[in-house]
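Participant: Attaching a single structure in structure tokens format; questions to follow.
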Amino acid sequence: MNRNILIAVIIAAVVGIAAVALAMSGGGGDEPSESQKCSVRLDVGQGDGTYVRYADAQGTTVSDLLTSTLGDDITLRSNGNVASYKGVSNTGDHSWVVLRWMSLDGWKAVQGTQQLIEGSSYVLDFAERVEGKDIEYKAPEYSISSEVYFFVQIPSMSEIEKIAKSGTSRPDDKSEGKKMTASERFDVMMGWFEKAGLDTESMEDGFWIKGEGTTANEALADAVAKCLYPSSEVTVTEGGGIIEYKLDGEVVHACLSNDKMYGWFVGFFGWADTQLENGDWTYWSQFTYNPNAKTLDDTRQWTYNTLSLGQYDMSVYKYYALVLQTTSEKQADDGVEMVMPTPSEIPEGL
């Protein structure tokens with residue numbers, strides 16, 4: 001979270017909050033509240049390392065997905081789990097298991113009774129049992145990329161510039177590998193915008209970009225590169241607990257890579273969290289659009305993030321907003337209401 005919860009909160013406390021929230025939400029993924037038919041992707045292992053893909057499989061639960069897609073080829077137990085596929089039954093060291101892809105945790109086994117998640121990716125595989133106290137099975141070696149949308153906005157460029165140039169903000173200890181003052185960060189940010197042909201009005205109005213990746217941070221970097229700097233060369237480096245996404249050798253986005261705080265913004269367009277002398281913070285606040293919303297045209301469905309960006313499951317959360325703003329610690333804890341466009345306003349063709 002690029003400080004969905006401000007850095008002013010003690011890091012240890014933030015880690016605890018994020019861990020608890022993650023455990024409760026399964027990596028930011030909320031299950032649908034009621035039974036409904038979903039469209040998902042299903043890959044079916046053939047037992048020889050190859051897979052047959054059903055790109056638009058339908059169902060309400062995992063077991064319903066299997067029977068509706070595979071018909072008589074699949075045999076289920078009374079609990080909804082798989083007994084055999086194409087006449088091949090489970091053995092002592094291999095079993096037919098269904099796993100769902102989650103952008104933070106990778107492949108995770110699911111039960112036959114579990115309700116499907118719209119747009120998610122599942123795999124049925126004849127998986128080898130992994131030795132250990134708990135019953136676990138070897139997951140597929142490939143990852144799933146998801147396509148998501150980001151709304152980016154700086155509601156008041158004059159306010160951000162005033163903060164940056166005032167000299168009353170505290171320089172961060174380390175931003176993109178070097179110490180920088182707020183004024184220097186502002187100049188870097190403006191350089192990025194000028195290179196993309198974005199003027200002050202464009203930034204204050206905000207704009208949508210779309211990207212693809214295995215995590216939300218990866219998708220964000222991809223969106224920035226494809227939509228704003230299509231001729232730039234993209235590279236990714238990792239070290240010292242930080243992942244850096246670079247365009248032509250310059251860091252455009254950086255985030256933490258450790259498990260507990262994965263995806264926490266270190267910097268975006270050169271701007272890192274900046275604390276003012278009165279205790280307020282200027283930072284990239286983040287929002288997600290309710291995946292269970294009945295419509296894509298309801299501004300009330302935006303929710304202030306309580307997890308770092310990288311901990312949101314992109315198979316569930318498809319729409320994000322990144323807003324550079326200044327808030328007090330209390331405002332950040334309570335959440336900040338913002339007036340933003342809805343996903344229904346995403347330009348055609350994006």
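Chain identifiers are assigned as A, B, and so on, following the order in which chains appear in the structure tokens; residues are numbered from 1 within each chain, and ligands are numbered from 1 in order of appearance.
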Compile the contact shell of Val224 (chain A) as a short mmCIF file (atom, residue, chain, number, x, y, z; two decimals) with C-alpha atoms, in the first residue's frame: residues with an atom at most 9 Å away, counting only C-alpha atoms, same-chain residues fewer than 6 positions apart removed.
Facilitator:
```
data_model
loop_
_atom_site.label_atom_id
_atom_site.label_comp_id
_atom_site.auth_asym_id
_atom_site.auth_seq_id
_atom_site.Cartn_x
_atom_site.Cartn_y
_atom_site.Cartn_z
CA ILE A 209 -4.35 2.86 -17.64
CA LYS A 210 -4.45 -0.93 -18.07
CA GLY A 211 -1.74 -3.47 -17.39
CA PRO A 230 5.33 2.54 -25.12
CA VAL A 252 9.30 4.55 -12.33
#
```
Participant: Check the DSSP output for the backbone and give back, as an mmCIF file with N, CA, C and O atoms, in the first residue's frame, the residues of region 55-161 of chain A in strand (DSSP E).
Facilitator:
```cif
data_model
loop_
_atom_site.group_PDB
_atom_site.id
_atom_site.type_symbol
_atom_site.label_atom_id
_atom_site.label_comp_id
_atom_site.auth_asym_id
_atom_site.auth_seq_id
_atom_site.Cartn_x
_atom_site.Cartn_y
_atom_site.Cartn_z
ATOM 1 N N ALA A 55 -11.254 -21.831 -21.676
ATOM 2 C CA ALA A 55 -11.086 -20.409 -21.367
ATOM 3 C C ALA A 55 -12.329 -19.769 -20.769
ATOM 4 O O ALA A 55 -12.236 -18.766 -20.065
ATOM 5 N N ASP A 56 -13.499 -20.327 -21.038
ATOM 6 C CA ASP A 56 -14.742 -19.732 -20.538
ATOM 7 C C ASP A 56 -15.618 -20.823 -19.926
ATOM 8 O O ASP A 56 -16.750 -21.042 -20.347
ATOM 9 N N ALA A 57 -15.075 -21.495 -18.911
ATOM 10 C CA ALA A 57 -15.827 -22.542 -18.224
ATOM 11 C C ALA A 57 -16.847 -21.900 -17.286
ATOM 12 O O ALA A 57 -16.625 -20.795 -16.780
ATOM 13 N N GLN A 58 -17.955 -22.606 -17.032
ATOM 14 C CA GLN A 58 -19.048 -22.037 -16.248
ATOM 15 C C GLN A 58 -19.367 -22.927 -15.048
ATOM 16 O O GLN A 58 -19.192 -24.150 -15.097
ATOM 17 N N GLY A 59 -19.849 -22.284 -13.973
ATOM 18 C CA GLY A 59 -20.290 -23.054 -12.820
ATOM 19 C C GLY A 59 -20.576 -22.169 -11.634
ATOM 20 O O GLY A 59 -20.323 -20.955 -11.660
ATOM 21 N N ILE A 74 -15.374 -37.016 -15.592
ATOM 22 C CA ILE A 74 -15.031 -36.736 -14.202
ATOM 23 C C ILE A 74 -15.947 -37.503 -13.258
ATOM 24 O O ILE A 74 -17.145 -37.637 -13.510
ATOM 25 N N THR A 75 -15.371 -38.058 -12.190
ATOM 26 C CA THR A 75 -16.140 -38.730 -11.139
ATOM 27 C C THR A 75 -15.824 -38.056 -9.820
ATOM 28 O O THR A 75 -14.647 -37.893 -9.464
ATOM 29 N N LEU A 76 -16.872 -37.647 -9.106
ATOM 30 C CA LEU A 76 -16.687 -36.926 -7.856
ATOM 31 C C LEU A 76 -17.085 -37.781 -6.658
ATOM 32 O O LEU A 76 -17.948 -38.667 -6.757
ATOM 33 N N VAL A 82 -12.590 -34.721 -6.263
ATOM 34 C CA VAL A 82 -12.437 -35.601 -7.425
ATOM 35 C C VAL A 82 -11.984 -36.997 -7.014
ATOM 36 O O VAL A 82 -11.010 -37.157 -6.267
ATOM 37 N N ALA A 83 -12.678 -38.003 -7.551
ATOM 38 C CA ALA A 83 -12.289 -39.399 -7.328
ATOM 39 C C ALA A 83 -11.469 -39.918 -8.501
ATOM 40 O O ALA A 83 -10.490 -40.651 -8.317
ATOM 41 N N SER A 84 -11.846 -39.508 -9.721
ATOM 42 C CA SER A 84 -11.097 -39.951 -10.899
ATOM 43 C C SER A 84 -11.394 -39.046 -12.078
ATOM 44 O O SER A 84 -12.405 -38.335 -12.103
ATOM 45 N N TYR A 85 -10.501 -39.081 -13.055
ATOM 46 C CA TYR A 85 -10.677 -38.330 -14.291
ATOM 47 C C TYR A 85 -10.232 -39.218 -15.445
ATOM 48 O O TYR A 85 -9.126 -39.766 -15.426
ATOM 49 N N VAL A 88 -8.787 -42.570 -14.540
ATOM 50 C CA VAL A 88 -7.578 -42.609 -13.702
ATOM 51 C C VAL A 88 -7.960 -42.187 -12.290
ATOM 52 O O VAL A 88 -8.410 -41.058 -12.079
ATOM 53 N N SER A 89 -7.789 -43.091 -11.328
ATOM 54 C CA SER A 89 -8.182 -42.813 -9.949
ATOM 55 C C SER A 89 -7.009 -42.310 -9.117
ATOM 56 O O SER A 89 -5.833 -42.426 -9.526
ATOM 57 N N HIS A 94 -0.431 -39.779 -5.541
ATOM 58 C CA HIS A 94 -0.968 -38.797 -6.479
ATOM 59 C C HIS A 94 -2.485 -38.707 -6.312
ATOM 60 O O HIS A 94 -3.152 -39.715 -6.079
ATOM 61 N N SER A 95 -2.989 -37.498 -6.444
ATOM 62 C CA SER A 95 -4.432 -37.289 -6.370
ATOM 63 C C SER A 95 -4.854 -36.208 -7.357
ATOM 64 O O SER A 95 -4.079 -35.302 -7.675
ATOM 65 N N TRP A 96 -6.105 -36.324 -7.815
ATOM 66 C CA TRP A 96 -6.679 -35.262 -8.622
ATOM 67 C C TRP A 96 -7.109 -34.143 -7.688
ATOM 68 O O TRP A 96 -7.969 -34.338 -6.828
ATOM 69 N N VAL A 97 -6.483 -32.989 -7.823
ATOM 70 C CA VAL A 97 -6.800 -31.858 -6.959
ATOM 71 C C VAL A 97 -7.113 -30.638 -7.821
ATOM 72 O O VAL A 97 -6.615 -30.513 -8.949
ATOM 73 N N VAL A 98 -7.946 -29.766 -7.281
ATOM 74 C CA VAL A 98 -8.273 -28.518 -7.953
ATOM 75 C C VAL A 98 -7.614 -27.386 -7.171
ATOM 76 O O VAL A 98 -7.728 -27.322 -5.942
ATOM 77 N N LEU A 99 -6.923 -26.515 -7.886
ATOM 78 C CA LEU A 99 -6.251 -25.382 -7.263
ATOM 79 C C LEU A 99 -6.696 -24.089 -7.929
ATOM 80 O O LEU A 99 -6.982 -24.069 -9.128
ATOM 81 N N ARG A 100 -6.788 -23.024 -7.150
ATOM 82 C CA ARG A 100 -7.129 -21.706 -7.691
ATOM 83 C C ARG A 100 -5.909 -20.794 -7.618
ATOM 84 O O ARG A 100 -5.183 -20.802 -6.627
ATOM 85 N N TRP A 101 -5.699 -20.011 -8.670
ATOM 86 C CA TRP A 101 -4.578 -19.077 -8.690
ATOM 87 C C TRP A 101 -4.925 -17.819 -7.919
ATOM 88 O O TRP A 101 -5.966 -17.202 -8.129
ATOM 89 N N MET A 102 -4.036 -17.420 -6.988
ATOM 90 C CA MET A 102 -4.164 -16.163 -6.264
ATOM 91 C C MET A 102 -2.878 -15.391 -6.483
ATOM 92 O O MET A 102 -1.779 -15.948 -6.322
ATOM 93 N N GLY A 106 -0.098 -17.668 -5.089
ATOM 94 C CA GLY A 106 0.089 -18.690 -6.112
ATOM 95 C C GLY A 106 -1.053 -19.694 -6.111
ATOM 96 O O GLY A 106 -2.189 -19.370 -5.776
ATOM 97 N N TRP A 107 -0.756 -20.933 -6.472
ATOM 98 C CA TRP A 107 -1.781 -21.974 -6.563
ATOM 99 C C TRP A 107 -2.130 -22.498 -5.174
ATOM 100 O O TRP A 107 -1.264 -22.906 -4.429
ATOM 101 N N LYS A 108 -3.425 -22.491 -4.847
ATOM 102 C CA LYS A 108 -3.892 -22.990 -3.558
ATOM 103 C C LYS A 108 -5.053 -23.965 -3.782
ATOM 104 O O LYS A 108 -5.979 -23.684 -4.544
ATOM 105 N N ALA A 109 -4.979 -25.122 -3.105
ATOM 106 C CA ALA A 109 -6.012 -26.144 -3.257
ATOM 107 C C ALA A 109 -7.360 -25.643 -2.750
ATOM 108 O O ALA A 109 -7.436 -24.915 -1.756
ATOM 109 N N VAL A 110 -8.421 -26.020 -3.453
ATOM 110 C CA VAL A 110 -9.778 -25.652 -3.055
ATOM 111 C C VAL A 110 -10.636 -26.908 -2.990
ATOM 112 O O VAL A 110 -10.363 -27.911 -3.659
ATOM 113 N N SER A 121 -8.809 -18.221 -12.194
ATOM 114 C CA SER A 121 -8.196 -19.322 -12.936
ATOM 115 C C SER A 121 -8.042 -20.528 -12.019
ATOM 116 O O SER A 121 -7.537 -20.416 -10.905
ATOM 117 N N TYR A 122 -8.483 -21.686 -12.517
ATOM 118 C CA TYR A 122 -8.410 -22.939 -11.767
ATOM 119 C C TYR A 122 -7.655 -23.970 -12.592
ATOM 120 O O TYR A 122 -7.573 -23.881 -13.829
ATOM 121 N N VAL A 123 -7.124 -24.969 -11.904
ATOM 122 C CA VAL A 123 -6.475 -26.071 -12.595
ATOM 123 C C VAL A 123 -6.856 -27.371 -11.905
ATOM 124 O O VAL A 123 -6.919 -27.435 -10.678
ATOM 125 N N LEU A 124 -7.173 -28.381 -12.706
ATOM 126 C CA LEU A 124 -7.354 -29.750 -12.212
ATOM 127 C C LEU A 124 -6.098 -30.501 -12.599
ATOM 128 O O LEU A 124 -5.760 -30.582 -13.779
ATOM 129 N N ASP A 125 -5.399 -31.035 -11.605
ATOM 130 C CA ASP A 125 -4.109 -31.661 -11.885
ATOM 131 C C ASP A 125 -3.969 -32.961 -11.111
ATOM 132 O O ASP A 125 -4.468 -33.091 -9.980
ATOM 133 N N PHE A 126 -3.302 -33.932 -11.733
ATOM 134 C CA PHE A 126 -2.976 -35.192 -11.054
ATOM 135 C C PHE A 126 -1.669 -34.949 -10.313
ATOM 136 O O PHE A 126 -0.580 -35.186 -10.813
ATOM 137 N N ALA A 127 -1.804 -34.399 -9.113
ATOM 138 C CA ALA A 127 -0.657 -33.833 -8.412
ATOM 139 C C ALA A 127 0.007 -34.830 -7.472
ATOM 140 O O ALA A 127 -0.659 -35.658 -6.831
ATOM 141 N N GLU A 128 1.323 -34.707 -7.378
ATOM 142 C CA GLU A 128 2.102 -35.548 -6.488
ATOM 143 C C GLU A 128 2.005 -35.038 -5.053
ATOM 144 O O GLU A 128 2.081 -33.838 -4.800
ATOM 145 N N ARG A 129 1.824 -35.960 -4.119
ATOM 146 C CA ARG A 129 1.738 -35.578 -2.714
ATOM 147 C C ARG A 129 3.120 -35.165 -2.210
ATOM 148 O O ARG A 129 4.135 -35.809 -2.510
ATOM 149 N N VAL A 130 3.160 -34.077 -1.447
ATOM 150 C CA VAL A 130 4.400 -33.568 -0.876
ATOM 151 C C VAL A 130 4.517 -34.086 0.553
ATOM 152 O O VAL A 130 3.571 -33.988 1.344
ATOM 153 N N GLU A 136 -0.399 -32.040 1.443
ATOM 154 C CA GLU A 136 -0.216 -31.011 0.426
ATOM 155 C C GLU A 136 0.217 -31.677 -0.872
ATOM 156 O O GLU A 136 0.802 -32.766 -0.864
ATOM 157 N N TYR A 137 -0.059 -30.986 -1.980
ATOM 158 C CA TYR A 137 0.279 -31.536 -3.288
ATOM 159 C C TYR A 137 1.060 -30.515 -4.100
ATOM 160 O O TYR A 137 0.876 -29.310 -3.952
ATOM 161 N N SER A 146 -2.931 -11.571 -14.910
ATOM 162 C CA SER A 146 -4.270 -10.988 -14.967
ATOM 163 C C SER A 146 -4.183 -9.566 -15.503
ATOM 164 O O SER A 146 -3.165 -8.892 -15.343
ATOM 165 N N GLU A 147 -5.252 -9.124 -16.117
ATOM 166 C CA GLU A 147 -5.326 -7.772 -16.669
ATOM 167 C C GLU A 147 -6.215 -6.939 -15.762
ATOM 168 O O GLU A 147 -7.357 -7.318 -15.482
ATOM 169 N N VAL A 148 -5.706 -5.799 -15.288
ATOM 170 C CA VAL A 148 -6.470 -4.937 -14.378
ATOM 171 C C VAL A 148 -6.311 -3.480 -14.790
ATOM 172 O O VAL A 148 -5.443 -3.129 -15.602
ATOM 173 N N TYR A 149 -7.147 -2.615 -14.184
ATOM 174 C CA TYR A 149 -7.173 -1.198 -14.534
ATOM 175 C C TYR A 149 -6.793 -0.335 -13.331
ATOM 176 O O TYR A 149 -7.123 -0.663 -12.191
ATOM 177 N N PHE A 150 -6.133 0.777 -13.631
ATOM 178 C CA PHE A 150 -5.727 1.729 -12.595
ATOM 179 C C PHE A 150 -6.171 3.135 -12.992
ATOM 180 O O PHE A 150 -5.970 3.556 -14.140
ATOM 181 N N PHE A 151 -6.771 3.848 -12.034
ATOM 182 C CA PHE A 151 -7.057 5.269 -12.227
ATOM 183 C C PHE A 151 -6.005 6.043 -11.441
ATOM 184 O O PHE A 151 -5.818 5.810 -10.246
ATOM 185 N N VAL A 152 -5.292 6.958 -12.110
ATOM 186 C CA VAL A 152 -4.201 7.720 -11.496
ATOM 187 C C VAL A 152 -4.579 9.198 -11.486
ATOM 188 O O VAL A 152 -5.007 9.748 -12.510
ATOM 189 N N GLN A 153 -4.403 9.851 -10.312
ATOM 190 C CA GLN A 153 -4.832 11.241 -10.205
ATOM 191 C C GLN A 153 -4.021 12.006 -9.154
ATOM 192 O O GLN A 153 -3.653 11.448 -8.117
#
```
Participant: Between A:Gln325, A:Thr69, A:Ser231, A:Ser120, which one has atoms that come closest to Lys195 (chain A), using only C-alpha atoms?
Facilitator: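 Among the listed residues, the smallest separation from Lys195 (chain A) belongs to A:Ser231.
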Participant: Name the closest residue to Phe207 (chain A) among the candidates A:Val251, A:Ala223, A:Ser166, A:Val188; distances are taken between atoms, counting only C-alpha atoms.
Facilitator: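 Ranked by minimum distance to Phe207 (chain A), first place goes to A:Ala223.
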Participant: Using only C-alpha atoms, find the one residue out of A:Thr181, A:Gln311, A:Ser156, A:Asn90 that sits nearest to Asn217 (chain A).
Facilitator: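 Checking each of A:Thr181, A:Gln311, A:Ser156, A:Asn90 against Asn217 (chain A), counting only C-alpha atoms, the winner is A:Gln311.
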